[in-house]
file model.cif (mmCIF, C-alpha atoms)
data_my_file
#
loop_
_atom_site.label_atom_id
_atom_site.label_comp_id
_atom_site.auth_asym_id
_atom_site.auth_seq_id
_atom_site.Cartn_x
_atom_site.Cartn_y
_atom_site.Cartn_z
CA MET A 916 66.53 149.70 82.94
CA THR A 917 68.05 151.76 85.74
CA GLY A 918 67.52 151.25 89.44
CA SER A 919 64.77 152.85 91.50
CA PRO A 920 65.02 156.60 92.26
CA GLY A 921 67.59 157.13 95.00
CA ARG A 922 68.98 153.63 94.57
CA PRO A 923 72.02 153.02 92.32
CA SER A 924 71.72 150.41 89.57
CA PRO A 925 73.46 147.09 90.43
CA GLY A 926 76.50 147.74 88.23
CA GLN A 927 77.14 151.06 90.02
CA VAL A 928 76.69 149.90 93.62
CA THR A 929 79.71 150.56 95.82
CA ILE A 930 80.68 149.37 99.26
CA ALA A 931 79.79 152.87 100.52
CA ASP A 932 76.24 152.46 99.14
CA VAL A 933 75.89 149.16 101.00
CA ALA A 934 77.20 150.73 104.22
CA ARG A 935 74.80 153.67 103.92
CA HIS A 936 71.84 151.38 103.24
CA ALA A 937 72.71 149.08 106.19
CA GLY A 938 73.51 151.99 108.51
CA VAL A 939 77.05 150.83 109.23
CA ALA A 940 80.59 151.92 108.42
CA ALA A 941 82.15 150.86 105.12
CA SER A 942 84.82 148.99 107.10
CA THR A 943 82.08 146.88 108.69
CA VAL A 944 80.83 145.83 105.23
CA SER A 945 84.41 144.94 104.30
CA TYR A 946 84.81 142.80 107.43
CA VAL A 947 81.52 140.98 106.71
CA LEU A 948 82.75 140.18 103.19
CA SER A 949 86.27 139.14 104.18
CA GLY A 950 85.52 137.45 107.49
CA LYS A 951 88.72 138.99 108.89
CA ARG A 952 86.99 140.35 112.00
CA ALA A 953 84.11 139.07 114.12
CA ILE A 954 80.85 140.95 113.47
CA SER A 955 77.65 140.45 115.44
CA GLU A 956 75.12 138.18 113.76
CA VAL A 957 72.48 140.94 113.73
CA THR A 958 74.80 143.41 111.97
CA ARG A 959 76.07 140.73 109.59
CA ALA A 960 72.51 139.78 108.60
CA ARG A 961 71.63 143.45 108.00
CA VAL A 962 74.69 143.97 105.79
CA LEU A 963 74.02 140.79 103.78
CA ALA A 964 70.40 141.85 103.30
CA SER A 965 71.55 145.21 101.90
CA ILE A 966 74.04 143.47 99.61
CA ARG A 967 71.27 141.26 98.21
CA LEU A 968 68.78 144.08 97.88
CA LEU A 969 71.18 146.45 96.13
CA GLY A 970 72.79 143.70 94.00
CA TYR A 971 76.31 144.57 95.13
CA HIS A 972 79.19 142.49 93.67
CA PRO A 973 82.73 143.14 94.94
CA ASN A 974 85.03 144.12 92.08
CA ALA A 975 87.53 141.28 91.81
CA GLY A 976 90.13 143.41 90.02
CA ALA A 977 90.00 146.18 92.60
CA ARG A 978 90.05 143.67 95.41
CA ALA A 979 93.11 141.97 93.93
CA LEU A 980 94.93 145.30 93.53
CA ALA A 981 94.15 146.28 97.10
CA SER A 982 95.32 142.96 98.51
CA ARG A 983 98.07 142.34 95.95
CA ARG A 984 96.42 138.97 95.47
CA ALA A 985 95.01 137.31 92.36
CA ASN A 986 92.45 135.38 94.41
CA VAL A 987 93.24 132.39 92.19
CA ILE A 988 95.08 129.16 92.99
CA ALA A 989 96.44 126.67 90.46
CA LEU A 990 95.69 122.95 90.52
CA VAL A 991 98.43 121.21 88.55
CA LEU A 992 96.97 117.96 87.30
CA PRO A 993 98.85 116.20 84.50
CA LEU A 994 96.41 113.78 82.82
CA ARG A 995 98.68 110.82 82.17
CA SER A 996 98.30 107.10 81.51
CA GLY A 997 97.15 105.01 84.44
CA MET A 998 95.34 107.85 86.23
CA GLN A 999 91.82 107.12 87.46
CA VAL A 1000 89.90 110.07 86.03
CA PRO A 1001 86.71 109.67 88.16
CA VAL A 1002 88.78 109.75 91.36
CA VAL A 1003 90.91 112.62 90.08
CA MET A 1004 87.75 114.61 89.38
CA GLN A 1005 86.58 114.03 92.96
CA PHE A 1006 89.80 115.68 94.13
CA ALA A 1007 89.35 118.53 91.65
CA THR A 1008 85.71 119.14 92.63
CA ALA A 1009 86.64 119.28 96.32
CA VAL A 1010 89.45 121.75 95.56
CA VAL A 1011 87.19 124.05 93.53
CA THR A 1012 84.36 123.96 96.09
CA THR A 1013 86.65 124.66 99.04
CA ALA A 1014 88.53 127.40 97.19
CA ARG A 1015 85.26 129.23 96.51
CA ARG A 1016 84.52 129.22 100.24
CA HIS A 1017 87.80 131.10 100.63
CA ASP A 1018 86.83 133.53 97.83
CA HIS A 1019 89.35 131.99 95.40
CA ASP A 1020 88.94 130.60 91.91
CA VAL A 1021 90.93 127.66 90.55
CA LEU A 1022 93.11 127.58 87.46
CA LEU A 1023 93.36 123.98 86.23
CA VAL A 1024 96.73 123.20 84.65
CA THR A 1025 96.64 119.84 82.87
CA SER A 1026 99.61 119.91 80.50
CA ASP A 1027 102.58 117.82 81.63
CA GLU A 1028 105.27 120.51 81.55
CA GLY A 1029 106.99 119.55 84.79
CA PRO A 1030 109.25 122.24 86.33
CA ALA A 1031 108.91 124.48 83.26
CA GLY A 1032 105.14 124.67 83.77
CA LEU A 1033 105.57 125.58 87.43
CA ARG A 1034 108.09 128.28 86.59
CA ARG A 1035 105.70 129.71 84.00
CA ILE A 1036 102.82 129.80 86.48
CA ALA A 1037 104.97 131.49 89.12
CA ALA A 1038 106.28 134.11 86.69
CA SER A 1039 102.81 134.98 85.41
CA ALA A 1040 101.52 136.32 88.77
CA LEU A 1041 98.18 134.81 87.78
CA VAL A 1042 97.89 132.73 90.97
CA ASP A 1043 98.51 133.15 94.69
CA GLY A 1044 99.54 129.54 95.28
CA VAL A 1045 99.63 126.09 93.73
CA LEU A 1046 98.37 122.58 94.50
CA LEU A 1047 100.22 119.66 92.87
CA MET A 1048 98.73 116.23 92.20
CA ASP A 1049 100.18 112.96 90.84
CA VAL A 1050 103.29 113.37 92.98
CA GLU A 1051 106.20 111.05 92.21
CA LEU A 1052 108.77 109.74 94.70
CA ASP A 1053 111.55 111.47 92.77
CA ASP A 1054 109.44 114.34 91.46
CA ALA A 1055 111.33 116.75 89.20
CA ARG A 1056 109.09 119.61 90.34
CA VAL A 1057 110.10 119.38 93.99
CA PRO A 1058 113.52 121.14 93.81
CA LEU A 1059 111.87 124.08 92.05
CA LEU A 1060 109.10 124.25 94.66
CA ARG A 1061 111.76 124.73 97.32
CA GLU A 1062 113.19 127.68 95.36
CA LEU A 1063 109.98 129.48 94.39
CA ALA A 1064 108.37 132.05 96.63
CA LEU A 1065 104.99 130.73 95.46
CA PRO A 1066 103.18 128.95 98.33
CA SER A 1067 102.40 125.31 97.51
CA VAL A 1068 100.78 122.15 98.84
CA LEU A 1069 101.33 118.66 97.42
CA ILE A 1070 98.52 116.11 97.27
CA GLY A 1071 100.85 113.17 97.72
CA PHE A 1072 104.36 112.66 99.11
CA PRO A 1073 107.73 112.59 97.37
CA ALA A 1074 110.46 110.42 98.88
CA GLU A 1075 112.02 113.48 100.53
CA ALA A 1076 109.29 115.78 101.81
CA THR A 1077 111.24 117.91 104.30
CA GLY A 1078 110.36 121.57 103.98
CA LEU A 1079 107.27 120.88 101.87
CA THR A 1080 103.59 120.80 102.78
CA CYS A 1081 102.01 117.47 101.82
CA VAL A 1082 98.63 115.85 102.44
CA ASP A 1083 97.29 112.43 101.44
CA LEU A 1084 95.75 109.19 102.60
CA ASP A 1085 98.34 107.09 104.44
CA PHE A 1086 98.62 104.57 101.61
CA HIS A 1087 101.33 102.57 103.40
CA GLU A 1088 98.95 101.94 106.28
CA ALA A 1089 96.06 101.35 103.84
CA GLY A 1090 97.95 98.46 102.25
CA ALA A 1091 98.88 97.14 105.68
CA ALA A 1092 95.25 97.32 106.87
CA CYS A 1093 94.09 95.22 103.91
CA VAL A 1094 96.63 92.49 104.68
CA ALA A 1095 95.89 92.56 108.41
CA HIS A 1096 92.18 92.06 107.68
CA LEU A 1097 92.85 89.11 105.38
CA ALA A 1098 95.37 87.56 107.78
CA GLY A 1099 92.75 87.76 110.51
CA LEU A 1100 90.46 85.68 108.31
CA GLY A 1101 93.12 83.00 107.97
CA HIS A 1102 94.47 83.84 104.51
CA ARG A 1103 98.13 82.95 104.07
CA ARG A 1104 98.59 83.47 100.30
CA VAL A 1105 97.62 86.96 99.08
CA ALA A 1106 98.16 88.84 95.81
CA LEU A 1107 98.24 92.60 95.29
CA LEU A 1108 96.79 93.67 91.93
CA GLY A 1109 98.15 97.18 91.85
CA ALA A 1110 98.03 100.21 89.60
CA PRO A 1111 98.91 99.97 85.89
CA ALA A 1112 102.59 99.42 85.13
CA ALA A 1113 103.02 103.02 83.89
CA VAL A 1114 102.15 104.34 87.35
CA TYR A 1115 104.91 102.28 88.99
CA GLU A 1116 107.39 103.14 86.23
CA ARG A 1117 106.82 106.86 86.86
CA GLY A 1118 107.52 106.30 90.53
CA THR A 1119 104.09 107.61 91.59
CA GLY A 1120 104.12 107.75 95.36
CA PHE A 1121 100.74 106.30 96.34
CA ALA A 1122 101.27 103.07 94.36
CA HIS A 1123 104.72 102.39 95.76
CA ARG A 1124 103.67 103.24 99.31
CA THR A 1125 100.71 100.86 99.14
CA ARG A 1126 102.89 98.04 97.84
CA SER A 1127 105.43 98.69 100.59
CA GLY A 1128 102.66 98.58 103.23
CA VAL A 1129 101.31 95.31 101.83
CA ARG A 1130 104.73 93.66 101.88
CA GLU A 1131 105.64 94.83 105.38
CA ALA A 1132 102.31 93.70 106.82
CA ALA A 1133 102.59 90.36 105.03
CA ALA A 1134 105.98 89.72 106.69
CA ARG A 1135 104.55 90.75 110.06
CA HIS A 1136 101.53 88.42 109.76
CA ASP A 1137 103.39 85.47 108.20
CA VAL A 1138 101.53 85.90 104.91
CA GLN A 1139 103.08 85.19 101.53
CA VAL A 1140 102.35 87.93 99.01
CA VAL A 1141 102.89 88.41 95.29
CA ALA A 1142 102.55 91.96 93.92
CA LEU A 1143 101.64 92.59 90.29
CA PRO A 1144 100.77 95.71 88.29
CA CYS A 1145 97.31 95.44 86.76
CA GLU A 1146 96.04 97.13 83.62
CA GLU A 1147 92.43 98.28 83.33
CA GLY A 1148 90.84 96.46 80.39
CA ALA A 1149 88.84 93.24 80.83
CA ALA A 1150 91.16 91.28 78.55
CA ASP A 1151 94.25 92.48 80.44
CA VAL A 1152 92.67 91.64 83.79
CA ARG A 1153 91.81 88.14 82.56
CA ARG A 1154 95.37 87.55 81.36
CA THR A 1155 96.77 88.78 84.69
CA LEU A 1156 94.44 86.61 86.78
CA THR A 1157 94.96 83.53 84.60
CA ALA A 1158 98.73 83.84 84.85
CA LEU A 1159 98.55 84.56 88.59
CA LEU A 1160 96.45 81.49 89.40
CA ALA A 1161 98.47 79.26 87.08
CA GLU A 1162 101.65 80.11 88.98
CA HIS A 1163 100.15 80.65 92.45
CA SER A 1164 97.10 78.38 92.65
CA ASP A 1165 97.10 78.63 96.46
CA VAL A 1166 96.29 82.38 96.49
CA THR A 1167 93.00 82.83 98.37
CA ALA A 1168 92.74 86.61 98.58
CA LEU A 1169 93.34 89.68 96.43
CA VAL A 1170 94.07 93.29 97.34
CA VAL A 1171 93.08 95.47 94.36
CA GLN A 1172 94.36 99.04 94.02
CA ASN A 1173 92.91 99.88 90.62
CA GLU A 1174 89.26 100.97 90.58
CA ALA A 1175 88.86 100.34 86.86
CA ALA A 1176 90.05 96.74 87.27
CA VAL A 1177 87.75 95.80 90.16
CA GLY A 1178 84.69 95.12 87.97
CA PRO A 1179 86.61 92.89 85.53
CA VAL A 1180 88.28 91.08 88.47
CA LEU A 1181 84.91 90.26 90.04
CA ALA A 1182 83.52 89.18 86.67
CA THR A 1183 86.52 87.03 85.72
CA LEU A 1184 87.12 85.10 88.94
CA PRO A 1185 83.99 82.88 88.66
CA THR A 1186 84.99 81.94 85.09
CA LEU A 1187 88.30 80.71 86.53
CA GLY A 1188 86.54 78.60 89.14
CA ARG A 1189 86.89 81.05 92.03
CA GLN A 1190 83.69 82.28 93.66
CA VAL A 1191 83.86 85.48 95.75
CA PRO A 1192 84.15 85.25 98.71
CA ARG A 1193 83.89 81.45 99.09
CA ASP A 1194 87.08 80.66 97.15
CA MET A 1195 88.65 84.10 96.82
CA SER A 1196 88.33 87.11 99.09
CA VAL A 1197 88.72 90.54 97.51
CA VAL A 1198 89.49 93.82 99.29
CA ALA A 1199 89.91 97.06 97.34
CA ILE A 1200 91.40 100.49 97.90
CA CYS A 1201 88.77 102.63 96.20
CA PRO A 1202 86.00 105.18 96.88
CA ASP A 1203 83.13 103.97 99.10
CA GLN A 1204 80.56 104.66 96.40
CA PHE A 1205 82.37 102.32 94.03
CA ALA A 1206 82.68 99.59 96.67
CA GLU A 1207 79.00 99.80 97.59
CA GLN A 1208 77.86 99.49 93.96
CA SER A 1209 79.89 96.35 93.22
CA ALA A 1210 78.42 92.86 93.33
CA PRO A 1211 79.23 91.54 95.84
CA MET A 1212 79.74 94.76 97.79
CA LEU A 1213 83.45 95.20 98.37
CA THR A 1214 85.34 95.23 101.61
CA SER A 1215 87.41 98.34 101.08
CA VAL A 1216 89.63 101.14 102.29
CA PRO A 1217 88.19 104.33 100.78
CA VAL A 1218 90.29 106.95 99.05
CA PRO A 1219 88.99 110.10 100.82
CA ALA A 1220 89.34 112.36 97.78
CA GLU A 1221 86.97 115.04 99.06
CA GLU A 1222 88.61 115.27 102.48
CA VAL A 1223 92.12 115.38 101.00
CA GLY A 1224 91.06 118.09 98.54
CA ARG A 1225 89.48 120.17 101.32
CA GLN A 1226 92.52 119.83 103.56
CA ALA A 1227 94.90 120.73 100.72
CA VAL A 1228 93.07 124.01 100.05
CA THR A 1229 92.78 124.80 103.76
CA LEU A 1230 96.53 124.27 104.22
CA LEU A 1231 97.30 126.50 101.23
CA MET A 1232 95.01 129.26 102.51
CA SER A 1233 96.75 129.10 105.88
CA LYS A 1234 100.11 129.49 104.14
CA LEU A 1235 98.78 132.46 102.17
CA GLY A 1236 97.82 133.98 105.52
CA ASP A 1237 101.38 133.46 106.80
CA GLU A 1238 100.21 130.85 109.30
CA GLN A 1239 102.32 127.88 110.37
CA VAL A 1240 101.13 124.56 108.95
CA PRO A 1241 102.33 120.98 109.47
CA GLU A 1242 104.67 119.60 106.83
CA ALA A 1243 102.92 116.22 106.68
CA THR A 1244 99.20 115.51 106.96
CA LEU A 1245 98.47 111.78 106.63
CA LEU A 1246 94.84 110.70 106.86
CA PRO A 1247 94.49 107.32 108.60
CA PRO A 1248 92.89 104.52 106.54
CA ARG A 1249 89.45 103.20 107.44
CA LEU A 1250 88.66 99.64 106.38
CA THR A 1251 84.97 98.78 105.99
CA VAL A 1252 84.05 95.08 105.91
CA ARG A 1253 81.36 94.15 103.37
CA ASP A 1254 80.49 91.01 101.40
CA SER A 1255 83.63 90.28 99.40
CA THR A 1256 85.82 88.86 102.16
CA ALA A 1257 85.38 85.68 104.22
CA ALA A 1258 87.40 83.08 106.08
CA ALA A 1259 90.06 81.38 103.97
CA PRO A 1260 88.97 78.03 102.53
CA ALA A 1261 90.45 75.18 104.58
CA VAL A 1262 91.62 73.34 101.47
CA HIS A 1263 91.68 74.98 98.06
CA ALA A 1264 90.99 72.51 95.30
CA VAL A 1265 92.54 73.28 91.94
CA ASP A 1266 89.85 72.55 89.35
CA GLY A 1267 91.93 72.68 86.23
CA HIS A 1268 90.85 76.15 85.08
#
call {"tool": "encode", "arguments": {"input": "model.cif", "output": "structure tokens"}}
result
Amino acid sequence: MTGSPGRPSPGQVTIADVARHAGVAASTVSYVLSGKRAISEVTRARVLASIRLLGYHPNAGARALASRRANVIALVLPLRSGMQVPVVMQFATAVVTTARRHDHDVLLVTSDEGPAGLRRIAASALVDGVLLMDVELDDARVPLLRELALPSVLIGFPAEATGLTCVDLDFHEAGAACVAHLAGLGHRRVALLGAPAAVYERGTGFAHRTRSGVREAAARHDVQVVALPCEEGAADVRRTLTALLAEHSDVTALVVQNEAAVGPVLATLPTLGRQVPRDMSVVAICPDQFAEQSAPMLTSVPVPAEEVGRQAVTLLMSKLGDEQVPEATLLPPRLTVRDSTAAAPAVHAVDGH
């Protein structure tokens, strides 16, 4: 079915048709669509009404040719062992949602090709810029990023970040905040149950930075700390906790940086004679939603995946617009006290478990 007499059918509508219908110049319609120039609210509303009425859809191919842009950004997300998929998907969702607000689509690159994958993306001209996740301290992709003309933002920090654009939670301070909270409650023997061993072995930045923050804060607050990697399965968590308490029976608090292990930790502790929080306080670095759904509700430092994802896209869009951006954006940690932490027991009795 064609459009009404005198009105083009939706597939044939041009920007000139919209301008004629709204009684404005074609350039005004373009500015309303791009947001590159301030337009009065009355005129903007009239143009948007004409766009809806006529069913106008900007031609992405023509727009890309005119701007020499693909209007696509790449999110490089290697899905490797030890990664927390629910949290990763929160990052990805925030990236996609924010990119759409900037009139960009997202190409998700999940294969672990390292520098070769980046070089392929850059050579294809399929994307305007790239976001990198799962950043390692000695990341093999970083030297290539410095060479490529392709704008980039890292979600995470390598050991040497000079000349790069990076954004993340300040995991060093997150670990320190957990220890400071426990020290304030009188705990003097604390254990960090960290990410799976594979994450540390890869040199993934967030895990090492958290562990560093925990250790530095422990020294500052006269707290003894033992740091262990922690796998995700219930049987692995039980083995880790059993070995920990056999060797360090005076530990009265845990910092857990492994969302998948938190549930098994809370379930296992009572079977080992440690009630939470009476005998063992637990603080986690995990999303708020996860902490609030645990029993007991967890004292936690949230991983602000949505905010980090939004900021990463915003920084990349600024770079695409040739704007100056900060090299480092570290979001400060926010510790929320809930039901899983309490004053350290005055005397911890070992019950033989």
call {"tool": "resolve_selection", "arguments": {"input": "model.cif", "expression": "the PyMOL selection byres ((chain A and resi 1060) around 12)", "output": "PyMOL selection string"}}
result
chain A and resi 1029-1034+1036-1037+1044-1047+1054-1059+1061-1069+1076-1080
call {"tool": "resolve_selection", "arguments": {"input": "model.cif", "expression": "the PyMOL selection byres ((chain A and resi 1025) around 7)", "output": "list of chain:residue names"}}
result
A:Val991, A:Leu992, A:Pro993, A:Leu994, A:Leu1023, A:Val1024, A:Ser1026, A:Asp1027
call {"tool": "atom_distance", "arguments": {"input": "model.cif", "atom1": "atom CA of Gly1071 of chain A", "atom2": "atom CA of Gln1172 of chain A"}}
result
16.0 Å
call {"tool": "atom_distance", "arguments": {"input": "model.cif", "atom1": "atom CA of Ala1220 of chain A", "atom2": "atom CA of Gln1005 of chain A"}}
result
5.8 Å
call {"tool": "closest_residue", "arguments": {"input": "model.cif", "among": "A:Ala1132, A:Val1082, A:Ala1161, A:Ala1089", "to": "Pro1241 of chain A", "atoms": "all atoms listed in the file"}}
result
A:Val1082
call {"tool": "residues_around", "arguments": {"input": "model.cif", "residues": "Ala964 of chain A", "least_positions_apart": "5", "cutoff": "10 Å", "atoms": "only C-alpha atoms", "output": "number ranges by chain"}}
result
A: 933, 936-937, 958-959, 969-970
call {"tool": "residues_around", "arguments": {"input": "model.cif", "residues": "segment 1009-1020 of chain A", "least_positions_apart": "4", "cutoff": "9 Å", "atoms": "all atoms listed in the file", "output": "VMD selection string"}}
result
chain A and resid 949 985 to 990 1004 to 1005 1220 to 1229 1232
call {"tool": "residues_around", "arguments": {"input": "model.cif", "residues": "Arg1104 of chain A", "least_positions_apart": "2", "cutoff": "10 Å", "atoms": "all atoms listed in the file", "output": "list of chain:residue names"}}
result
A:Leu1097, A:Ala1098, A:Gly1101, A:His1102, A:Ala1106, A:Ala1133, A:Asp1137, A:Val1138, A:Gln1139, A:Val1140, A:Val1141, A:His1163, A:Ser1164, A:Asp1165, A:Val1166, A:Thr1167, A:Ala1168, A:Leu1169, A:Ala1259
call {"tool": "closest_atom_pairs", "arguments": {"input": "model.cif", "of": "segment 1038-1127 of chain A", "to": "segment 1154-1159 of chain A", "cutoff": "12 Å", "atoms": "all atoms listed in the file", "output": "tab-separated table"}}
result
residue	atom	partner	partner_atom	distance
A:Arg1104	CA	A:Leu1159	CA	11.8
A:Val1105	CA	A:Leu1159	CA	10.8
A:Ala1106	CA	A:Leu1159	CA	8.4
A:Leu1107	CA	A:Leu1159	CA	10.5
A:Leu1108	CA	A:Thr1155	CA	8.7
A:Gly1109	CA	A:Thr1155	CA	11.1
A:Pro1111	CA	A:Thr1155	CA	11.5
call {"tool": "residues_around", "arguments": {"input": "model.cif", "residues": "Glu1051 of chain A", "least_positions_apart": "2", "cutoff": "6 Å", "atoms": "all atoms listed in the file", "output": "list in words"}}
result
Asp1053, Asp1054, Pro1073, Gly1118, Thr1119 and Gly1120 of chain A
call {"tool": "closest_residue", "arguments": {"input": "model.cif", "among": "A:Asp1151, A:Asp1043, A:Asp1237, A:Asp1083", "to": "Ala1176 of chain A", "atoms": "all atoms listed in the file"}}
result
A:Asp1151
call {"tool": "atom_distance", "arguments": {"input": "model.cif", "atom1": "atom CA of Arg1126 of chain A", "atom2": "atom CA of Pro1211 of chain A"}}
result
24.6 Å
call {"tool": "axis_aligned_box", "arguments": {"input": "model.cif", "around": "segment 1070-1074 of chain A", "padding_each_side": "6 Å", "output": "AutoDock Vina command-line options"}}
result
--center_x 104.5 --center_y 113.3 --center_z 98.2 --size_x 23.9 --size_y 17.7 --size_z 13.8
call {"tool": "residues_around", "arguments": {"input": "model.cif", "residues": "segment 1184-1187 of chain A", "least_positions_apart": "2", "cutoff": "8 Å", "atoms": "only C-alpha atoms", "output": "list in words"}}
result
Leu1156, Thr1157, Val1180, Leu1181, Ala1182, Arg1189, Gln1190, Val1191 and His1268 of chain A
call {"tool": "resolve_selection", "arguments": {"input": "model.cif", "expression": "the PyMOL selection byres ((chain A and resi 1252) around 12)", "output": "ChimeraX atom specification"}}
result
/A:1092-1093,1096-1097,1100,1196-1199,1203,1206-1207,1211-1217,1249-1251,1253-1257
call {"tool": "closest_residue", "arguments": {"input": "model.cif", "among": "A:Gly1099, A:Phe1205, A:Val1152, A:Ile930", "to": "His1136 of chain A", "atoms": "only C-alpha atoms"}}
result
A:Gly1099
call {"tool": "decode", "arguments": {"input": "model.cif", "residues": "segment 1082-1089 of chain A", "atoms": "all heavy atoms", "output": "PDB file, in the first residue's frame"}}
result
ATOM      1  N   VAL A1082      38.989   3.525  32.200  1.00  0.00           N
ATOM      2  CA  VAL A1082      37.951   3.798  33.194  1.00  0.00           C
ATOM      3  C   VAL A1082      37.638   2.510  33.944  1.00  0.00           C
ATOM      4  O   VAL A1082      37.615   1.429  33.343  1.00  0.00           O
ATOM      5  CB  VAL A1082      36.672   4.376  32.530  1.00  0.00           C
ATOM      6  CG1 VAL A1082      36.117   3.426  31.472  1.00  0.00           C
ATOM      7  CG2 VAL A1082      35.597   4.680  33.570  1.00  0.00           C
ATOM      8  N   ASP A1083      37.431   2.617  35.248  1.00  0.00           N
ATOM      9  CA  ASP A1083      37.086   1.437  36.044  1.00  0.00           C
ATOM     10  C   ASP A1083      36.767   1.865  37.471  1.00  0.00           C
ATOM     11  O   ASP A1083      37.028   3.010  37.863  1.00  0.00           O
ATOM     12  CB  ASP A1083      38.261   0.442  36.070  1.00  0.00           C
ATOM     13  CG  ASP A1083      37.809  -1.008  36.244  1.00  0.00           C
ATOM     14  OD1 ASP A1083      36.602  -1.240  36.468  1.00  0.00           O
ATOM     15  OD2 ASP A1083      38.663  -1.910  36.135  1.00  0.00           O
ATOM     16  N   LEU A1084      36.209   0.928  38.238  1.00  0.00           N
ATOM     17  CA  LEU A1084      36.134   1.110  39.680  1.00  0.00           C
ATOM     18  C   LEU A1084      37.558   1.131  40.221  1.00  0.00           C
ATOM     19  O   LEU A1084      38.437   0.418  39.713  1.00  0.00           O
ATOM     20  CB  LEU A1084      35.352  -0.055  40.307  1.00  0.00           C
ATOM     21  CG  LEU A1084      35.340  -0.125  41.840  1.00  0.00           C
ATOM     22  CD1 LEU A1084      34.554   1.027  42.443  1.00  0.00           C
ATOM     23  CD2 LEU A1084      34.760  -1.470  42.306  1.00  0.00           C
ATOM     24  N   ASP A1085      37.808   1.926  41.250  1.00  0.00           N
ATOM     25  CA  ASP A1085      39.113   1.928  41.903  1.00  0.00           C
ATOM     26  C   ASP A1085      39.179   0.686  42.790  1.00  0.00           C
ATOM     27  O   ASP A1085      38.834   0.725  43.972  1.00  0.00           O
ATOM     28  CB  ASP A1085      39.300   3.203  42.720  1.00  0.00           C
ATOM     29  CG  ASP A1085      40.727   3.366  43.230  1.00  0.00           C
ATOM     30  OD1 ASP A1085      41.431   2.340  43.349  1.00  0.00           O
ATOM     31  OD2 ASP A1085      41.124   4.507  43.515  1.00  0.00           O
ATOM     32  N   PHE A1086      39.616  -0.429  42.211  1.00  0.00           N
ATOM     33  CA  PHE A1086      39.612  -1.696  42.934  1.00  0.00           C
ATOM     34  C   PHE A1086      40.628  -1.705  44.074  1.00  0.00           C
ATOM     35  O   PHE A1086      40.416  -2.384  45.083  1.00  0.00           O
ATOM     36  CB  PHE A1086      39.875  -2.858  41.970  1.00  0.00           C
ATOM     37  CG  PHE A1086      38.653  -3.289  41.204  1.00  0.00           C
ATOM     38  CD1 PHE A1086      38.446  -2.867  39.902  1.00  0.00           C
ATOM     39  CD2 PHE A1086      37.701  -4.109  41.797  1.00  0.00           C
ATOM     40  CE1 PHE A1086      37.323  -3.261  39.200  1.00  0.00           C
ATOM     41  CE2 PHE A1086      36.571  -4.504  41.101  1.00  0.00           C
ATOM     42  CZ  PHE A1086      36.373  -4.086  39.799  1.00  0.00           C
ATOM     43  N   HIS A1087      41.721  -0.977  43.925  1.00  0.00           N
ATOM     44  CA  HIS A1087      42.689  -0.883  45.030  1.00  0.00           C
ATOM     45  C   HIS A1087      42.014  -0.295  46.258  1.00  0.00           C
ATOM     46  O   HIS A1087      42.106  -0.841  47.368  1.00  0.00           O
ATOM     47  CB  HIS A1087      43.889  -0.031  44.598  1.00  0.00           C
ATOM     48  CG  HIS A1087      44.992   0.023  45.610  1.00  0.00           C
ATOM     49  ND1 HIS A1087      44.948   0.845  46.721  1.00  0.00           N
ATOM     50  CD2 HIS A1087      46.170  -0.658  45.694  1.00  0.00           C
ATOM     51  CE1 HIS A1087      46.040   0.680  47.433  1.00  0.00           C
ATOM     52  NE2 HIS A1087      46.803  -0.220  46.840  1.00  0.00           N
ATOM     53  N   GLU A1088      41.298   0.799  46.055  1.00  0.00           N
ATOM     54  CA  GLU A1088      40.603   1.431  47.180  1.00  0.00           C
ATOM     55  C   GLU A1088      39.414   0.600  47.648  1.00  0.00           C
ATOM     56  O   GLU A1088      39.032   0.657  48.812  1.00  0.00           O
ATOM     57  CB  GLU A1088      40.153   2.838  46.794  1.00  0.00           C
ATOM     58  CG  GLU A1088      41.287   3.839  46.719  1.00  0.00           C
ATOM     59  CD  GLU A1088      42.058   3.921  48.028  1.00  0.00           C
ATOM     60  OE1 GLU A1088      41.423   4.025  49.105  1.00  0.00           O
ATOM     61  OE2 GLU A1088      43.299   3.854  47.986  1.00  0.00           O
ATOM     62  N   ALA A1089      38.805  -0.175  46.753  1.00  0.00           N
ATOM     63  CA  ALA A1089      37.704  -1.054  47.156  1.00  0.00           C
ATOM     64  C   ALA A1089      38.193  -2.103  48.154  1.00  0.00           C
ATOM     65  O   ALA A1089      37.567  -2.361  49.190  1.00  0.00           O
ATOM     66  CB  ALA A1089      37.089  -1.730  45.930  1.00  0.00           C
TER      67      ALA A1089
END
